[in-house]
Each structure stands twice: as C-alpha cells, then as structure tokens.
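Enquirer: The structure follows.
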Amino acid sequence: ISSIDQPFDASSFNFNKVTEKEVLCGVELSADADCVSVSMDASSSLIAVNDSPISEQHVLLLPSPKDCLNQVLTKEAIELGLSFLISVGDPDTRIVFNSLRAFASVNHLHLHAYQCSEMLPVESCRVEHIAGCCYTLSGYPVPGFVFQLDTDTQDLAQSVFTVVKLLQDRNIPQNMMITFGDPCLGGNQDNPVPVIRVMVWPVKPSDELPHTLPFRPAVCELSGNILLHDRALFDSLTEQEVEETLQLARLDDEVFQEVVWLSEGCYRTHHSVTTNVLVLSSLCQSGC
C-alpha cells in the first residue's frame with residue numbers, strides 16, 4: 001500500500017461481511033452530535049464485536065458501513081467517536097483510530113472503543129497552544145496535536161478534521177485517540193477536572209519501519225498503553241527501549257512544523273472570518 005487513501009475493495013474483508021450476531025446495535029447521533037442513541041435504521045452506524053479484543057468491552061464503531069467508505073477519517077466519524085465517549089461517560093474508555101500505513105488492518109472505515117483502567121501519559125502531558133482549541137504535545141517522544149472540548153462537539157470535530165485533512169492531502173499517515181484527560185491549560189492543577197482530549201499523531205509510514213521491533217507503535221502505544229504479547233519481553237523491556245521504538249514512528253521535524261504552521265494559519269483564518277461575521281451580524285441587528 002503506497003497511499004493512505006486506498007480505494008475500498010468489496011472483495012476483500014470488510015465489515016459488511018460480519019455476521020448478524022456480531023452486530024451489537026445500530027447508533028445514530030443527536031442533532032448537535034453530543035450523544036448517541038440506539039437506532040434500528042439499516043443505514044445507521046453500527047457497534048460490532050471485535051474478534052481480537054485487547055481489553056474487556058473492546059468494540060468496533062462502524063460509521064455507516066453500508067456506504068463502503070475506506071479507512072480515511074471523516075468529520076462524521078470523529079463526531080461519532082466523540083459522541084460515543086460522551087454517552088458512555090467512562091474515563092476508562094478510549095476511542096482510537098489508525099489510518100492505512102499507520103497499522104490499520106482493514107480498509108473499511110472503523111474506530112475502536114476499548115478500556116484501560118490506568119491513566120495514560122498523553123492524558124496529562126504538557127502542551128503548547130497553537131490557536132483556538134488546538135495545541136501540540138510538549139516534551140513527548142512522538143510529536144502530535146491535542147484538542148480540547150470546550151463547549152461544542154461539532155466545533156471540536158471540525159477543528160480535529162482541519163488537521164487530519166492537511167495530513168490526508170499530503171499522504172501522511174496518522175493515529176487518533178479520543179479520551180478524558182487533564183485540561184490543556186489552566187484549571188486546578190492539584191485536582192484537575194477531566195476534559196475530553198483528542199490526540200492526533202502524524203507518523204512515518206508503518207511499512208517503512210524496521211520489521212524487528214519489540215512492539216508496533218500504533219495508536220495505543222503512542223498514548224503510552226504498550227501492548228505486548230510475550231511474557232519474557234514484558235519482563236525485559238526497558239523504558240529507554242519503549243521510547244526508542246516510539247521515536248521510530250516520529251515524523252520528520254521539518255514536516256511536522258510545516259503542518260503546525262499550516263494548521264495555525266487555518267485556525268486564525270477561521271477565527272477572523274467568524275469574528276467578522278459576528279461583527280456584521282451585530283451591526284445589522286443595530287439597524288444597518
């Protein structure tokens with residue numbers, strides 16, 4: 001695979017081939033995308049069993065699977081992930097996404113929801129502000145973007161998708177996690193009230209990484225949740241080896257900074273346009 005936008009192939013495995021007993025329910029978004037409800041609509045998004053779970057209650061979120069979308073993240077899929085997490089309301093639940101060439105194994109649009117009882121390093125990592133609700137990770141092994149839910153789920157989804165689209169247009173693989181975490185800035189530092197954080201990591205293509213790695217640096221691993229399948233490796237792996245493996249997925253600094261610069265320009269342009277519209281609306285209400 002040379003592109004993160006590989007066309008959907010109906011002849012390959014896809015989630016329209018899962019059996020009826022593997023589908024737990026259909027779900028649909030509320031009008032403002034801040035919760036999900038059970039739906040019996042055949043065209044709805046689905047929650048399905050994961051046949052290779054990494055935790056209890058590990059399920060798949062399938063955004064409108066009948067549309068046969070490839071594994072390219074959409075604003076609607078981000079909204080589904082956010083709404084699902086808000087509806088569950090459990091700080092142990094994480095929503096994750098791997099793009100093609102970033103360890104996705106099925107080219108049919110899907111996200112994972114799984115549980116981890118430990119707080120992950122990325123959920124309290126320091127950040128630097130870019131613009132709006134967009135930040136970058138500070139002092140983390142793999143640079144990435146962080147977004148915080150302030151008030152509006154749809155606005156947050158659009159902000160996340162702004163960066164994702166920049167990456168997609170440049171054929172840069174990416175991983176995403178939606179989780180609860182510390183406020184990005186401010187708040188009570190001794191006892192912070194959890195907020196929803198969304199992390200997006202632009203990464204090197206997984207097919208260009210060495211084949212002899214102790215683990216795959218996919219989205220769980222990037223967050224600090226290292227998945228190992230060998231007891232001897234678990235007992236011997238050091239923190240330095242973990243960090244070195246994660247850094248192999250690190251996007252070149254020059255490319256990452258270019259994306260940061262482009263993202264900042266997008267957010268500031270959006271803020272300027274929004275402010276001008278508000279000013280114009282205010283003038284008109286005053287009798288223009």
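All residue names refer to the structure tokens as shown: chains lettered A, B, ... in order, residues numbered from 1 in each chain, ligands numbered from 1 in order.
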Would you mind listing what lies within 9 Å of segment 148-163 of chain A as a VMD selection string, with only C-alpha atoms counted and same-chain residues fewer than 3 positions away left out?
Expert: chain A and resid 32 to 34 73 to 79 82 to 83 132 to 135 145 166 to 168 183 to 184 195 to 200 259 to 260 262 to 263 266 to 267
Enquirer: Quick one: residues within 7 Å of Cys25 of chain A, only C-alpha atoms, excluding same-chain residues fewer than 4 positions away - as a ChimeraX atom specification?
Expert: /A:38,46-47
Enquirer: Could the residues in this selection be saved with all heavy atoms as a compact mmCIF listing (two decimals), in the first residue's frame?
Expert:
```txt
# COMPACT_ATOMS: atom_id res chain seq x y z
N VAL A 38 -29.56 4.39 20.43
CA VAL A 38 -29.73 3.16 19.68
C VAL A 38 -30.67 3.40 18.51
O VAL A 38 -31.68 4.10 18.62
CB VAL A 38 -30.29 2.05 20.59
CG1 VAL A 38 -30.60 0.79 19.79
CG2 VAL A 38 -29.29 1.73 21.69
N LEU A 46 -22.90 1.39 13.21
CA LEU A 46 -23.05 0.17 14.00
C LEU A 46 -21.98 0.06 15.07
O LEU A 46 -20.88 0.60 14.93
CB LEU A 46 -22.97 -1.06 13.09
CG LEU A 46 -23.98 -1.18 11.95
CD1 LEU A 46 -23.70 -2.44 11.13
CD2 LEU A 46 -25.41 -1.19 12.47
N ILE A 47 -22.32 -0.67 16.13
CA ILE A 47 -21.35 -1.11 17.12
C ILE A 47 -21.26 -2.62 16.98
O ILE A 47 -22.27 -3.32 17.05
CB ILE A 47 -21.76 -0.72 18.54
CG1 ILE A 47 -21.89 0.80 18.66
CG2 ILE A 47 -20.75 -1.25 19.57
CD1 ILE A 47 -22.37 1.28 20.01
```
Enquirer: Suppose you want the space between atom CA of Gln71 of chain A and atom CA of Ile4 of chain A; what is it in Å?
Expert: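 Interatomic distance, atom CA of Gln71 of chain A to atom CA of Ile4 of chain A: 7.8 Å.
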Enquirer: Please, which residues of segment 22-265 of chain A, numbered as in this document, come out alpha helix (DSSP H) from DSSP, as a count of residues only?
Expert: 64
Enquirer: Of the candidates A:Phe234, A:Phe97, A:Phe13, A:Phe84, which shows the shortest atom-to-atom distance to Val27 of chain A, using only C-alpha atoms?
Expert: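 Residue with the minimum atom-to-atom distance to Val27 of chain A: A:Phe84.
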Enquirer: DSSP on the backbone: what in segment 48-142 of chain A comes out strand (DSSP E), as a ChimeraX atom specification?
Expert: /A:48-49,59-62,93-98,111-115,127-131,134-137
Enquirer: Write out as a ChimeraX atom specification each polymer residue whose atoms come within 12 Å of segment 237-242 of chain A, counting only C-alpha atoms; drop sequence neighbours fewer than 5 positions from it.
Expert: /A:141-142,213-217,221-228,230-232,247-249
Enquirer: Could you dump the residues just selected with all heavy atoms as a compact mmCIF listing (two decimals), in the first residue's frame?
Expert:
```txt
# COMPACT_ATOMS: atom_id res chain seq x y z
N PRO A 141 7.64 11.81 23.35
CA PRO A 141 8.51 11.11 22.40
C PRO A 141 8.12 11.26 20.93
O PRO A 141 8.99 11.32 20.06
CB PRO A 141 8.40 9.64 22.84
CG PRO A 141 8.03 9.71 24.29
CD PRO A 141 7.17 10.93 24.43
N VAL A 142 6.81 11.32 20.66
CA VAL A 142 6.34 11.49 19.29
C VAL A 142 5.47 12.75 19.23
O VAL A 142 4.43 12.81 19.89
CB VAL A 142 5.53 10.27 18.82
CG1 VAL A 142 5.09 10.44 17.36
CG2 VAL A 142 6.35 8.98 18.96
N LEU A 213 10.77 -5.05 15.53
CA LEU A 213 10.50 -4.15 16.64
C LEU A 213 9.91 -4.94 17.80
O LEU A 213 9.21 -5.93 17.59
CB LEU A 213 9.52 -3.05 16.21
CG LEU A 213 9.98 -2.08 15.12
CD1 LEU A 213 8.84 -1.14 14.74
CD2 LEU A 213 11.19 -1.29 15.60
N PRO A 214 10.16 -4.49 19.04
CA PRO A 214 9.56 -5.20 20.18
C PRO A 214 8.04 -5.07 20.24
O PRO A 214 7.36 -5.91 20.82
CB PRO A 214 10.22 -4.53 21.39
CG PRO A 214 10.70 -3.21 20.90
CD PRO A 214 11.06 -3.41 19.46
N PHE A 215 7.50 -4.00 19.63
CA PHE A 215 6.05 -3.82 19.55
C PHE A 215 5.75 -2.86 18.40
O PHE A 215 6.65 -2.17 17.90
CB PHE A 215 5.47 -3.29 20.87
CG PHE A 215 6.06 -1.97 21.31
CD1 PHE A 215 5.57 -0.76 20.84
CD2 PHE A 215 7.13 -1.93 22.21
CE1 PHE A 215 6.10 0.46 21.22
CE2 PHE A 215 7.68 -0.71 22.61
CZ PHE A 215 7.17 0.47 22.12
N ARG A 216 4.51 -2.81 17.98
CA ARG A 216 4.10 -1.91 16.91
C ARG A 216 3.74 -0.55 17.50
O ARG A 216 2.86 -0.48 18.38
CB ARG A 216 2.88 -2.47 16.16
CG ARG A 216 3.07 -3.84 15.58
CD ARG A 216 1.87 -4.24 14.72
NE ARG A 216 0.60 -3.91 15.37
CZ ARG A 216 -0.58 -3.88 14.76
NH1 ARG A 216 -0.66 -4.14 13.47
NH2 ARG A 216 -1.69 -3.59 15.41
N PRO A 217 4.35 0.53 17.05
CA PRO A 217 3.98 1.86 17.56
C PRO A 217 2.71 2.40 16.90
O PRO A 217 2.74 3.34 16.12
CB PRO A 217 5.21 2.70 17.21
CG PRO A 217 5.78 2.05 15.99
CD PRO A 217 5.51 0.58 16.14
N GLU A 221 -0.02 2.40 21.64
CA GLU A 221 1.37 2.54 22.08
C GLU A 221 1.80 3.99 22.12
O GLU A 221 2.51 4.43 23.03
CB GLU A 221 2.29 1.73 21.17
CG GLU A 221 2.14 0.21 21.31
CD GLU A 221 0.88 -0.34 20.65
OE1 GLU A 221 0.23 0.40 19.88
OE2 GLU A 221 0.55 -1.52 20.90
N LEU A 222 1.37 4.78 21.13
CA LEU A 222 1.72 6.21 21.12
C LEU A 222 1.17 6.93 22.34
O LEU A 222 1.75 7.90 22.82
CB LEU A 222 1.19 6.86 19.84
CG LEU A 222 1.87 6.44 18.53
CD1 LEU A 222 1.14 7.05 17.34
CD2 LEU A 222 3.34 6.84 18.51
N SER A 223 0.04 6.45 22.84
CA SER A 223 -0.58 7.08 24.02
C SER A 223 0.10 6.68 25.32
O SER A 223 -0.13 7.27 26.37
CB SER A 223 -2.06 6.70 24.09
OG SER A 223 -2.22 5.35 24.50
N GLY A 224 0.93 5.61 25.25
CA GLY A 224 1.58 5.10 26.46
C GLY A 224 1.03 3.77 26.92
O GLY A 224 1.49 3.21 27.92
N ASN A 225 0.04 3.23 26.21
CA ASN A 225 -0.55 1.93 26.52
C ASN A 225 0.14 0.88 25.64
O ASN A 225 -0.29 0.61 24.53
CB ASN A 225 -2.05 1.98 26.26
CG ASN A 225 -2.78 0.72 26.68
OD1 ASN A 225 -3.96 0.57 26.39
ND2 ASN A 225 -2.13 -0.18 27.39
N ILE A 226 1.25 0.32 26.12
CA ILE A 226 2.09 -0.57 25.32
C ILE A 226 1.52 -1.99 25.37
O ILE A 226 1.38 -2.58 26.45
CB ILE A 226 3.55 -0.57 25.83
CG1 ILE A 226 4.06 0.87 26.02
CG2 ILE A 226 4.43 -1.37 24.89
CD1 ILE A 226 4.08 1.69 24.76
N LEU A 227 1.21 -2.53 24.20
CA LEU A 227 0.63 -3.87 24.10
C LEU A 227 1.73 -4.87 23.74
O LEU A 227 2.37 -4.75 22.69
CB LEU A 227 -0.47 -3.90 23.04
CG LEU A 227 -1.59 -2.87 23.22
CD1 LEU A 227 -2.60 -3.00 22.10
CD2 LEU A 227 -2.27 -3.03 24.57
N LEU A 228 1.94 -5.84 24.61
CA LEU A 228 2.96 -6.87 24.39
C LEU A 228 2.30 -8.24 24.45
O LEU A 228 1.34 -8.45 25.20
CB LEU A 228 4.06 -6.78 25.45
CG LEU A 228 4.82 -5.45 25.53
CD1 LEU A 228 5.78 -5.46 26.71
CD2 LEU A 228 5.56 -5.17 24.23
N ASP A 230 4.25 -11.20 24.73
CA ASP A 230 5.29 -12.14 25.13
C ASP A 230 5.73 -11.80 26.55
O ASP A 230 6.16 -10.68 26.83
CB ASP A 230 6.48 -12.03 24.17
CG ASP A 230 7.58 -13.01 24.51
OD1 ASP A 230 8.42 -12.68 25.36
OD2 ASP A 230 7.60 -14.11 23.92
N ARG A 231 5.61 -12.78 27.46
CA ARG A 231 5.91 -12.52 28.87
C ARG A 231 7.37 -12.17 29.07
O ARG A 231 7.71 -11.26 29.85
CB ARG A 231 5.55 -13.76 29.70
CG ARG A 231 5.82 -13.59 31.19
CD ARG A 231 4.85 -12.63 31.83
NE ARG A 231 5.35 -12.05 33.06
CZ ARG A 231 4.58 -11.42 33.95
NH1 ARG A 231 3.29 -11.28 33.72
NH2 ARG A 231 5.09 -10.92 35.04
N ALA A 232 8.26 -12.86 28.37
CA ALA A 232 9.69 -12.59 28.54
C ALA A 232 10.02 -11.17 28.08
O ALA A 232 10.81 -10.47 28.73
CB ALA A 232 10.50 -13.60 27.74
N GLN A 247 9.90 6.52 18.97
CA GLN A 247 10.51 7.59 18.18
C GLN A 247 10.78 7.17 16.74
O GLN A 247 10.94 8.03 15.87
CB GLN A 247 11.79 8.07 18.86
CG GLN A 247 11.51 8.89 20.11
CD GLN A 247 12.75 9.45 20.75
OE1 GLN A 247 13.85 8.95 20.54
NE2 GLN A 247 12.59 10.50 21.55
N LEU A 248 10.81 5.88 16.48
CA LEU A 248 10.97 5.43 15.09
C LEU A 248 9.77 5.85 14.24
O LEU A 248 9.89 6.00 13.02
CB LEU A 248 11.13 3.90 15.05
CG LEU A 248 12.44 3.34 15.61
CD1 LEU A 248 12.39 1.82 15.64
CD2 LEU A 248 13.63 3.84 14.79
N ALA A 249 8.62 6.03 14.88
CA ALA A 249 7.42 6.45 14.15
C ALA A 249 7.33 7.96 14.00
O ALA A 249 6.43 8.47 13.32
CB ALA A 249 6.17 5.95 14.87
```
Enquirer: Find the residue from A:Val203, A:Leu60, A:Ile86, A:Leu251 that sits nearest to Ser37 of chain A; use only C-alpha atoms when measuring.
Expert: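 Using only C-alpha atoms, Ser37 of chain A sits closest to A:Ile86.
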Enquirer: Any idea what the distance is between atom CA of Thr19 of chain A and atom CA of Ser87 of chain A?
Expert: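 Between atom CA of Thr19 of chain A and atom CA of Ser87 of chain A the gap works out to 25.8 Å.
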Enquirer: What lies within 12 Å of His58 of chain A using only C-alpha atoms, ignoring chain neighbours under 3 positions off, as a PyMOL selection string?
Expert: chain A and resi 24+47-55+61+92-96+111-116
Enquirer: Between atom CA of Thr212 of chain A and atom CA of Gly139 of chain A, what is the distance in Å, rounded to a tenth?
Expert: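 Result for atom CA of Thr212 of chain A versus atom CA of Gly139 of chain A: 26.4 Å, one decimal.
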Enquirer: Hey, which of A:Phe15, A:Thr136, A:Phe103, A:Ala10 ends up closest to Glu264 of chain A? Count only C-alpha atoms.
Expert: A:Thr136
Enquirer: Counting only C-alpha atoms, which residue out of A:Met119, A:Leu85, A:Cys68, A:Met176 sits closest to Cys220 of chain A?
Expert: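 Checking each candidate against Cys220 of chain A, we get A:Met176 as the closest.
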Enquirer: Find the residue from A:Leu80, A:Leu69, A:Met177, A:Val59 that sits nearest to Asn16 of chain A; use only C-alpha atoms when measuring.
Expert: A:Leu69
Enquirer: Point out the residue among A:Gln6, A:Ser11, A:Glu243, A:Ser45 with the least atom-to-atom distance to Gly26 of chain A, counting only C-alpha atoms.
Expert: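 For Gly26 of chain A, the nearest of the candidates is A:Ser45.
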